[in-house]
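Chemist: Let me begin by handing over the structure; questions about it come next.
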Amino acid sequence: MSMSKRAALPSFLLAGTLLVTSCSGGDAGDPGNAAASTESIDGIELPEGVEIDFWHIQATIYGEAMTEMVQEFNATNEWGIVVNESFKGSYQELNQAVRASLAGGGAPDVSMAYENDTLEYVANDVIEPLDPYIESEQYGVPEEDMADMVDGVLARQQVDAYNGSTLSWPHGNSSMGMYYNADLFAEAGIDAPPADWDEFLDQARQMKDETGLPYSAMGTGKNGIYYNMLRSKGITPYDPGAATTEFTSPESIESLELLALLFEEELAYTAADTEQEFTNERTATELGTTARTSTKIEQIQDKFQWSVALTPQETAEPITQLYGGNHVILSSDDPEQELASWLFMRWFADTDAQSIYAARTGYSPAVESALDTELLSTNYEENPQKAAAFDNVFVNAQIMPPTAAGNAIDDMVTGIVEEVVLGRLTPQEAAERMDAEATSLLASAPQN
């Protein structure tokens, strides 16, 4: 049975470390470990006014959209469920807050989480499998609604590491795209975004020669860009099951060499807020999440022409990074709380709610039917950059292989790639260090 979120917890939660090293719970894929069964869920009649706490990372326009949606749910759901939302900062800060609350009390009922976070939670038996809820005759999800979900989004909730269980449900999804200033491209004599990474370098030099401007602003966390480069070359950065990596592969060395060269020639630079660099025309491109299309539309207005394209590709099947959090239920001793949590999550991932969320933000909808709503279809017509983000980028997005070691690997890779662009490590030295450290982290992580 799933552990109460108020019970004593394993050492990784108490110590606040980023990585679990042992599994205290049962196999997530074994339905017998679920606190609820489909039959018991069907038998619940919710009393009026059940309250649940929901923790998330959404601020600015995303937070405004979140508040609007929670208020809509609270006002219209037939069970009188009341959702109390709470902003907890970044994904890392949210993960830390959830772990602290599980160890010390006051844990949320629903939380946003990436797959790596979910694997941390399930390895310690503090998360509720969702299959009994999905299959419930009274409260479940019909087959046609399951089929409506975008393939890559549904796959996120049922990754191989979950051993056949569904452990999360959609919140918002985005992808890594390449924003480009079409006016600056025209000034530099560039006709279209680069097709591959060699052309990326050529265009960067051409932009600098013709306009004096750097080609790209990159954030302080470059692990996503580096991963994206590898995947666009047909390379998966690491294999959690085999505890191996491709960090020392020729494709990895090439990618690190390109990053080093871009910074050495001042064709790219690091910025704390890359969006401000792009929207204020201090750079021609920005590699980043398509979730920021709405804020760019708001900030750029009619200052210049721009759009978003797929990042450079060197494989027959295009691929880019899939971002955005999911929803998980933290286990408790109260089946009514857990059911209320599920009903909020189910509503949030449905057509109308996803159309609202996509229209108010730059996130792409989790369900295809949202594209046919008047709200979102009109929004995409009025904001072609958002349509381009969905059509050109999002449809090619896939998540990284999930692992409970993922957060620690990301932090490690971020630090080492930064050493490369600063000229403190050679690409070969960086590759060997990443391989050694990631292999050790993967080997010590629990395999669910």
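Numbering starts fresh at 1 for the residues of each chain in the structure tokens, the chains themselves are lettered A, B, ... in the order given, and ligands are numbered from 1 as they appear.
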Extract, using only C-alpha atoms, all DNA, RNA and protein residues at most 9 Å from region 143-147 of chain A, discarding same-chain residues fewer than 6 positions from it, and format them as a VMD selection string.
Modeler: chain A and resid 154 350 367
Chemist: Keeping C-alpha atoms for every residue in the selection just given, could you write it to a file as a compact mmCIF listing (two decimals), in the first residue's frame?
Modeler:
```txt
# COMPACT_ATOMS: atom_id res chain seq x y z
CA LEU A 154 0.69 10.53 -23.45
CA ASP A 350 -9.26 18.07 -21.03
CA VAL A 367 -5.06 17.14 -26.65
```
Chemist: Could you write out, as JSON, numbers by chain, all the residues of region 134-358 of chain A that DSSP marks as strand (DSSP E or B)?
Modeler: {"A": [149, 169, 170, 173, 174, 175, 176, 177, 178, 179, 180, 181, 216, 217, 218, 238, 239, 244, 245, 268, 269, 270, 285, 286, 287, 288, 289, 306, 307, 308, 309, 310, 320, 321, 322, 323, 326, 327, 328, 329, 330]}
Chemist: Would you mind reading off the distance between CA of Pro365 (chain A) and CA of Glu382 (chain A), one decimal, in Å?
Modeler: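 CA of Pro365 (chain A) sits 16.8 Å away from CA of Glu382 (chain A).
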Chemist: May I have the residues within 6 Å of Val110 (chain A) as a ChimeraX atom specification, using only C-alpha atoms and disregarding those fewer than 6 positions away in the same chain?
Modeler: /A:54,328-329
Chemist: If we count only C-alpha atoms, what is near Thr244 (chain A) at a cut-off of 9 Å, once residues fewer than 6 positions away on the same chain are taken out, given as a list in words?
Modeler: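 The residues satisfying every condition are Pro237, Tyr238, Asp435, Ala438, Thr439, Leu442 and Ala443 of chain A.
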Chemist: Among the residues of region 90-170 of chain A, find those DSSP assigns to alpha helix (DSSP H) from the backbone and print them as a count of residues only.
Modeler: 40
Chemist: Near region 176-185 of chain A, within 6 Å and counting only C-alpha atoms, which residues show up once chain neighbours fewer than 4 positions away are dropped, as number ranges by chain?
Modeler: A: 190, 284-290, 305-311, 321
Chemist: Take the selection from the previous step and output its residues with N, CA, C and O atoms, as a PDB file, in the first residue's frame.
Modeler:
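Below is the file out08.pdb, written as the result:
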```pdb
ATOM      1  N   ILE A 190      20.535  36.400 -44.879  1.00  0.00           N
ATOM      2  CA  ILE A 190      20.195  35.014 -44.529  1.00  0.00           C
ATOM      3  C   ILE A 190      18.727  34.783 -44.875  1.00  0.00           C
ATOM      4  O   ILE A 190      17.855  35.530 -44.432  1.00  0.00           O
ATOM      5  N   ALA A 284      20.410  37.779 -32.726  1.00  0.00           N
ATOM      6  CA  ALA A 284      19.526  37.418 -33.836  1.00  0.00           C
ATOM      7  C   ALA A 284      18.679  36.197 -33.545  1.00  0.00           C
ATOM      8  O   ALA A 284      17.596  36.034 -34.132  1.00  0.00           O
ATOM      9  N   THR A 285      19.159  35.328 -32.662  1.00  0.00           N
ATOM     10  CA  THR A 285      18.408  34.107 -32.368  1.00  0.00           C
ATOM     11  C   THR A 285      18.457  33.802 -30.878  1.00  0.00           C
ATOM     12  O   THR A 285      19.300  34.322 -30.139  1.00  0.00           O
ATOM     13  N   GLU A 286      17.554  32.928 -30.489  1.00  0.00           N
ATOM     14  CA  GLU A 286      17.522  32.418 -29.119  1.00  0.00           C
ATOM     15  C   GLU A 286      17.079  30.964 -29.176  1.00  0.00           C
ATOM     16  O   GLU A 286      16.062  30.642 -29.802  1.00  0.00           O
ATOM     17  N   LEU A 287      17.835  30.079 -28.554  1.00  0.00           N
ATOM     18  CA  LEU A 287      17.444  28.684 -28.428  1.00  0.00           C
ATOM     19  C   LEU A 287      16.757  28.524 -27.080  1.00  0.00           C
ATOM     20  O   LEU A 287      17.375  28.732 -26.034  1.00  0.00           O
ATOM     21  N   GLY A 288      15.485  28.178 -27.103  1.00  0.00           N
ATOM     22  CA  GLY A 288      14.770  28.108 -25.835  1.00  0.00           C
ATOM     23  C   GLY A 288      13.400  27.503 -25.974  1.00  0.00           C
ATOM     24  O   GLY A 288      12.970  27.096 -27.061  1.00  0.00           O
ATOM     25  N   THR A 289      12.683  27.456 -24.862  1.00  0.00           N
ATOM     26  CA  THR A 289      11.382  26.809 -24.809  1.00  0.00           C
ATOM     27  C   THR A 289      10.319  27.576 -25.579  1.00  0.00           C
ATOM     28  O   THR A 289      10.244  28.815 -25.504  1.00  0.00           O
ATOM     29  N   THR A 290       9.481  26.839 -26.299  1.00  0.00           N
ATOM     30  CA  THR A 290       8.386  27.465 -27.036  1.00  0.00           C
ATOM     31  C   THR A 290       7.297  27.987 -26.097  1.00  0.00           C
ATOM     32  O   THR A 290       6.378  28.678 -26.550  1.00  0.00           O
ATOM     33  N   GLN A 305       9.956  41.633 -37.359  1.00  0.00           N
ATOM     34  CA  GLN A 305       9.357  40.381 -37.783  1.00  0.00           C
ATOM     35  C   GLN A 305      10.153  39.213 -37.199  1.00  0.00           C
ATOM     36  O   GLN A 305      11.382  39.218 -37.221  1.00  0.00           O
ATOM     37  N   TRP A 306       9.443  38.214 -36.704  1.00  0.00           N
ATOM     38  CA  TRP A 306      10.134  37.079 -36.102  1.00  0.00           C
ATOM     39  C   TRP A 306       9.267  35.834 -36.157  1.00  0.00           C
ATOM     40  O   TRP A 306       8.067  35.903 -36.403  1.00  0.00           O
ATOM     41  N   SER A 307       9.898  34.697 -35.916  1.00  0.00           N
ATOM     42  CA  SER A 307       9.160  33.448 -35.850  1.00  0.00           C
ATOM     43  C   SER A 307       9.986  32.433 -35.057  1.00  0.00           C
ATOM     44  O   SER A 307      11.028  32.770 -34.483  1.00  0.00           O
ATOM     45  N   VAL A 308       9.505  31.197 -35.017  1.00  0.00           N
ATOM     46  CA  VAL A 308      10.209  30.130 -34.304  1.00  0.00           C
ATOM     47  C   VAL A 308      10.265  28.907 -35.210  1.00  0.00           C
ATOM     48  O   VAL A 308       9.283  28.563 -35.875  1.00  0.00           O
ATOM     49  N   ALA A 309      11.436  28.290 -35.256  1.00  0.00           N
ATOM     50  CA  ALA A 309      11.670  27.146 -36.134  1.00  0.00           C
ATOM     51  C   ALA A 309      12.219  25.975 -35.335  1.00  0.00           C
ATOM     52  O   ALA A 309      12.631  26.121 -34.174  1.00  0.00           O
ATOM     53  N   LEU A 310      12.256  24.825 -35.964  1.00  0.00           N
ATOM     54  CA  LEU A 310      12.906  23.665 -35.374  1.00  0.00           C
ATOM     55  C   LEU A 310      14.407  23.935 -35.300  1.00  0.00           C
ATOM     56  O   LEU A 310      14.972  24.604 -36.165  1.00  0.00           O
ATOM     57  N   THR A 311      15.043  23.455 -34.261  1.00  0.00           N
ATOM     58  CA  THR A 311      16.494  23.578 -34.154  1.00  0.00           C
ATOM     59  C   THR A 311      17.158  22.787 -35.280  1.00  0.00           C
ATOM     60  O   THR A 311      16.532  21.907 -35.883  1.00  0.00           O
ATOM     61  N   GLN A 321      13.775  18.690 -27.895  1.00  0.00           N
ATOM     62  CA  GLN A 321      13.472  18.423 -26.502  1.00  0.00           C
ATOM     63  C   GLN A 321      12.011  18.738 -26.179  1.00  0.00           C
ATOM     64  O   GLN A 321      11.489  19.780 -26.604  1.00  0.00           O
TER      65      GLN A 321
END
```
Chemist: Gly324 (chain A): which residues within 8 Å, counting only C-alpha atoms, same-chain residues fewer than 4 positions away excluded, as a PyMOL selection string?
Modeler: chain A and resi 114+171-175
Chemist: Let's have the selection written as a short mmCIF file (atom, residue, chain, number, x, y, z; two decimals), in the first residue's frame, with N, CA and C atoms.
Modeler:
```cif
data_model
loop_
_atom_site.label_atom_id
_atom_site.label_comp_id
_atom_site.auth_asym_id
_atom_site.auth_seq_id
_atom_site.Cartn_x
_atom_site.Cartn_y
_atom_site.Cartn_z
N TYR A 114 8.52 16.89 -13.18
CA TYR A 114 9.10 16.27 -14.36
C TYR A 114 9.23 14.77 -14.11
N HIS A 171 0.06 18.58 -17.62
CA HIS A 171 -0.16 19.96 -17.19
C HIS A 171 0.01 20.85 -18.41
N GLY A 172 1.26 21.17 -18.75
CA GLY A 172 1.54 21.97 -19.93
C GLY A 172 2.77 21.43 -20.62
N ASN A 173 2.83 21.56 -21.94
CA ASN A 173 3.95 21.01 -22.69
C ASN A 173 4.52 22.05 -23.63
N SER A 174 5.84 22.04 -23.72
CA SER A 174 6.53 22.93 -24.65
C SER A 174 7.70 22.17 -25.24
N SER A 175 8.50 22.83 -26.03
CA SER A 175 9.61 22.17 -26.71
C SER A 175 10.72 23.18 -26.97
#
```
